[in-house]
Amino acid sequence: MRALTYAGPRDLQWRDAPDPALAGDGEAIVRPLAVATCDLDAMIVGGVSPFPAPFAIGHEGVGEVVDVGDAVETVKPGDRVLVPFQISCGTCGACRAGRTGNCESVPLGLTYGFGFGPELTRYGGFLSDLIRVPYADAMLVPVPGGVASIDAASASDNITDAYRAIVPHLRARPGAPVLICGGALSGSIGLYAVAQARALGSEDVLYVDADERRRGIAAAYGARTLDQVPDRLDERFPITVDAAATTEGLALALNSLDRDGVCTSTAIYFDPNTIPPFPLLPMYVMGSTFVTGRIHARHDAPAVLDLLADGTLDVAPVTTKVVSFDEAADALLEDYVKLVLTP
């Protein structure tokens, strides 16, 4: 089969790879139907990869099951499924508690099962003709019939990342205003946060981002927008999101918290020099909560698919380009907010 391979900065190549085969009775082979770019992919392809080349890329997607092991009970060939990007067994203590991003059955680094470097990517990348999925009963999530594959693909990671930053907190405080500092990398997570905040009933969403196109998408969802990060805001928010990955964006999200507010950072700070001093005294006085870290994709993805299926959530406006696999090597080097690739 072929697999799109990161060969070096801005160098993507279709390479031949062995066809994956079932290595256990609990595994499945899946043929990708729609593969979405993660915000992190833009950094990797651009040459700021924390992983050495070469490796197959892609870790957000929907596929069709083509083969299953004898012990697999919940999916069968022909089923359309979402493949969460993290490996999770479904039976360890962490998985049973819903902490599927930290499955105890595999070493921590190996929970990144797809598209994250030669040492971590044991099961291939989604931009391949086929992928092998371990723990098929635990990992694979059926996609509801009315949900388009291109809309569901990013529920493997980015849409679900935005979900954890918005939906539980907004359900606890219905109608609450939300501040989202967007712009990290290609910038889809911040926009998915806008979409979910508006869909779940926030009466006021403020989106801060220097990028005009992303601000336009946020405005179309009904958000107010700012084109630059101010030193401070004259208003406070019970829910804030740092999806900016900048010193200024994180500082604004923290300093804008209202009493008992929650700030979730979906950004990854590779350089410790970009992290501002935390306003610990004001956060203490206000009773603030700060959340960071990897999501638990398998645990939350079904709820995201439900929002897509019942029409509550529309993520289509965030997808700025859909191209075929044949065009992937070039399209991934171009400008996009969310790129979706289909065979």
# chains A, B, ... in the order shown; residues from 1 in each chain; ligands from 1
>>> select_by_dssp(residues="stretch 1-232 of chain A", states="helix (DSSP H, G or I)", output="JSON, numbers by chain")
{"A": [39, 40, 41, 42, 43, 44, 45, 93, 94, 95, 96, 100, 101, 102, 108, 109, 110, 111, 136, 137, 138, 139, 149, 150, 151, 152, 153, 154, 155, 156, 158, 159, 160, 161, 162, 163, 164, 165, 166, 167, 168, 169, 170, 171, 172, 188, 189, 190, 191, 192, 193, 194, 195, 196, 197, 198, 199, 212, 213, 214, 215, 216, 217, 218, 219, 220]}
>>> residues_around(residues="A:Ile189", least_positions_apart="2", cutoff="6 Å", atoms="only C-alpha atoms", output="ChimeraX atom specification")
/A:158,162,187,191-192
>>> select_by_dssp(residues="stretch 2-241 of chain A", states="strand (DSSP E or B)", output="PyMOL selection string")
chain A and resi 2-8+11-16+28-36+55-56+60-68+80-83+86+112+128+131-133+141-142+178-181+205-208+224-226+237-241
>>> atom_distance(atom1="atom CA of A:Ala329", atom2="atom CA of A:Pro18")
20.0 Å
>>> closest_residue(among="A:Gly63, A:Gly93, A:Gly69, A:Pro144", to="A:Pro32", atoms="only C-alpha atoms")
A:Gly63
>>> atom_distance(atom1="atom CA of A:Glu104", atom2="atom CA of A:Val143")
26.3 Å
>>> closest_atom_pairs(of="stretch 134-218 of chain A", to="stretch 311-319 of chain A", cutoff="12 Å", atoms="only C-alpha atoms", output="CSV")
residue,atom,partner,partner_atom,distance
A:Pro144,CA,A:Gly311,CA,11.7
A:Gly146,CA,A:Gly311,CA,9.5
A:Val147,CA,A:Gly311,CA,9.2
A:Ala148,CA,A:Ala316,CA,9.7
A:Ser149,CA,A:Ala316,CA,11.0
A:Ile150,CA,A:Ala316,CA,8.3
A:Asp151,CA,A:Ala316,CA,6.1
A:Ala152,CA,A:Val315,CA,8.6
A:Ala153,CA,A:Val315,CA,10.5
A:Ser154,CA,A:Val315,CA,9.4
A:Ala155,CA,A:Val315,CA,10.1
A:Asn158,CA,A:Val315,CA,11.1
A:Ile159,CA,A:Val315,CA,8.4
A:Thr160,CA,A:Val315,CA,11.6
A:Ala162,CA,A:Val315,CA,11.5
A:Tyr163,CA,A:Leu313,CA,10.7
A:Val167,CA,A:Leu313,CA,11.4
A:Ser186,CA,A:Val318,CA,10.8
A:Gly187,CA,A:Val318,CA,9.4
A:Ser188,CA,A:Val318,CA,6.7
A:Ile189,CA,A:Val318,CA,9.4
A:Gly190,CA,A:Val318,CA,10.0
A:Leu191,CA,A:Val318,CA,6.8
A:Tyr192,CA,A:Val315,CA,6.9
A:Ala193,CA,A:Val315,CA,10.1
A:Val194,CA,A:Val315,CA,10.0
A:Ala195,CA,A:Val315,CA,6.9
A:Gln196,CA,A:Leu313,CA,6.5
A:Ala197,CA,A:Leu313,CA,9.6
A:Arg198,CA,A:Leu313,CA,8.9
A:Ala199,CA,A:Leu313,CA,5.8
A:Leu200,CA,A:Thr312,CA,7.7
A:Gly201,CA,A:Thr312,CA,10.2
A:Arg213,CA,A:Val318,CA,10.2
A:Arg214,CA,A:Val318,CA,8.4
A:Arg215,CA,A:Val318,CA,11.0
A:Gly216,CA,A:Pro317,CA,10.1
A:Ile217,CA,A:Pro317,CA,6.7
A:Ala218,CA,A:Val318,CA,8.9
>>> atom_distance(atom1="atom CA of A:Val322", atom2="atom CA of A:Gly58")
14.9 Å
>>> residues_around(residues="A:Gly124", least_positions_apart="2", cutoff="8 Å", atoms="only C-alpha atoms", output="PyMOL selection string")
chain A and resi 56-57+113-115+121-122+126+128+131-132
>>> closest_residue(among="A:Val340, A:Ala34, A:Leu140, A:Val106", to="A:Ala301", atoms="only C-alpha atoms")
A:Leu140
>>> residues_around(residues="A:Val72", least_positions_apart="3", cutoff="7 Å", atoms="only C-alpha atoms", output="JSON list (two decimals) with all heavy atoms, in the first residue's frame")
[["chain", "number", "residue", "atom", "x", "y", "z"],
["A", 25, "ASP", "N", -6.42, -11.19, 17.84],
["A", 25, "ASP", "CA", -7.85, -11.41, 17.63],
["A", 25, "ASP", "C", -8.70, -10.19, 17.93],
["A", 25, "ASP", "O", -9.86, -10.12, 17.52],
["A", 25, "ASP", "CB", -8.33, -12.57, 18.50],
["A", 25, "ASP", "CG", -7.83, -13.92, 18.00],
["A", 25, "ASP", "OD1", -7.41, -13.99, 16.84],
["A", 25, "ASP", "OD2", -7.87, -14.88, 18.79],
["A", 26, "GLY", "N", -8.14, -9.20, 18.66],
["A", 26, "GLY", "CA", -8.92, -8.02, 19.03],
["A", 26, "GLY", "C", -8.69, -6.82, 18.12],
["A", 26, "GLY", "O", -9.16, -5.72, 18.43],
["A", 68, "VAL", "N", -11.57, -7.76, 10.68],
["A", 68, "VAL", "CA", -11.52, -7.76, 12.13],
["A", 68, "VAL", "C", -11.03, -9.11, 12.63],
["A", 68, "VAL", "O", -11.17, -10.14, 11.95],
["A", 68, "VAL", "CB", -12.90, -7.46, 12.77],
["A", 68, "VAL", "CG1", -13.40, -6.08, 12.40],
["A", 68, "VAL", "CG2", -13.92, -8.53, 12.38],
["A", 69, "GLY", "N", -10.45, -9.11, 13.83],
["A", 69, "GLY", "CA", -10.03, -10.35, 14.47],
["A", 69, "GLY", "C", -11.22, -11.13, 14.98],
["A", 69, "GLY", "O", -12.33, -10.60, 15.14],
["A", 75, "VAL", "N", -17.79, -4.16, 16.03],
["A", 75, "VAL", "CA", -17.74, -3.65, 14.66],
["A", 75, "VAL", "C", -17.51, -4.82, 13.71],
["A", 75, "VAL", "O", -17.00, -5.87, 14.11],
["A", 75, "VAL", "CB", -16.64, -2.58, 14.46],
["A", 75, "VAL", "CG1", -16.92, -1.34, 15.30],
["A", 75, "VAL", "CG2", -15.26, -3.15, 14.76],
["A", 136, "ALA", "N", -9.86, -3.02, 19.01],
["A", 136, "ALA", "CA", -10.91, -2.49, 18.13],
["A", 136, "ALA", "C", -12.22, -2.26, 18.85],
["A", 136, "ALA", "O", -12.90, -1.24, 18.63],
["A", 136, "ALA", "CB", -11.12, -3.43, 16.94],
["A", 137, "ASP", "N", -12.63, -3.18, 19.72],
["A", 137, "ASP", "CA", -13.90, -3.00, 20.44],
["A", 137, "ASP", "C", -13.88, -1.75, 21.32],
["A", 137, "ASP", "O", -14.89, -1.07, 21.47],
["A", 137, "ASP", "CB", -14.19, -4.22, 21.30],
["A", 137, "ASP", "CG", -14.76, -5.38, 20.50],
["A", 137, "ASP", "OD1", -15.35, -5.14, 19.44],
["A", 137, "ASP", "OD2", -14.60, -6.54, 20.94]]
>>> residues_around(residues="A:Ala3", least_positions_apart="6", cutoff="7 Å", atoms="only C-alpha atoms", output="PyMOL selection string")
chain A and resi 14-17+56+127-129
>>> residues_around(residues="stretch 263-278 of chain A", least_positions_apart="3", cutoff="7 Å", atoms="only C-alpha atoms", output="list in words")
Asp161, Ala165, Ile239, Thr240, Val241, Asp242, Ala243, Ala244, Ala245, Thr246, Thr247, Ala251, Ala253, Leu254, Thr289, Phe290, Val291 and Thr292 of chain A
>>> write_last_selection(atoms="C-alpha atoms", output="tab-separated table (two decimals), in the first residue's frame")
chain	number	residue	atom	x	y	z
A	161	ASP	CA	-10.29	18.97	22.22
A	165	ALA	CA	-12.74	23.15	26.83
A	239	ILE	CA	-15.11	30.29	30.71
A	240	THR	CA	-11.91	31.09	28.80
A	241	VAL	CA	-9.88	29.10	26.29
A	242	ASP	CA	-6.24	29.51	25.36
A	243	ALA	CA	-5.96	28.10	21.85
A	244	ALA	CA	-3.34	30.68	20.90
A	245	ALA	CA	-0.08	29.16	22.14
A	246	THR	CA	1.31	32.64	22.73
A	247	THR	CA	2.40	34.45	25.86
A	251	ALA	CA	-2.08	35.78	29.79
A	253	ALA	CA	-7.24	34.01	29.06
A	254	LEU	CA	-5.96	33.78	32.65
A	289	THR	CA	-9.30	26.68	37.74
A	290	PHE	CA	-6.64	26.13	35.06
A	291	VAL	CA	-6.75	23.01	32.89
A	292	THR	CA	-4.14	21.82	30.43
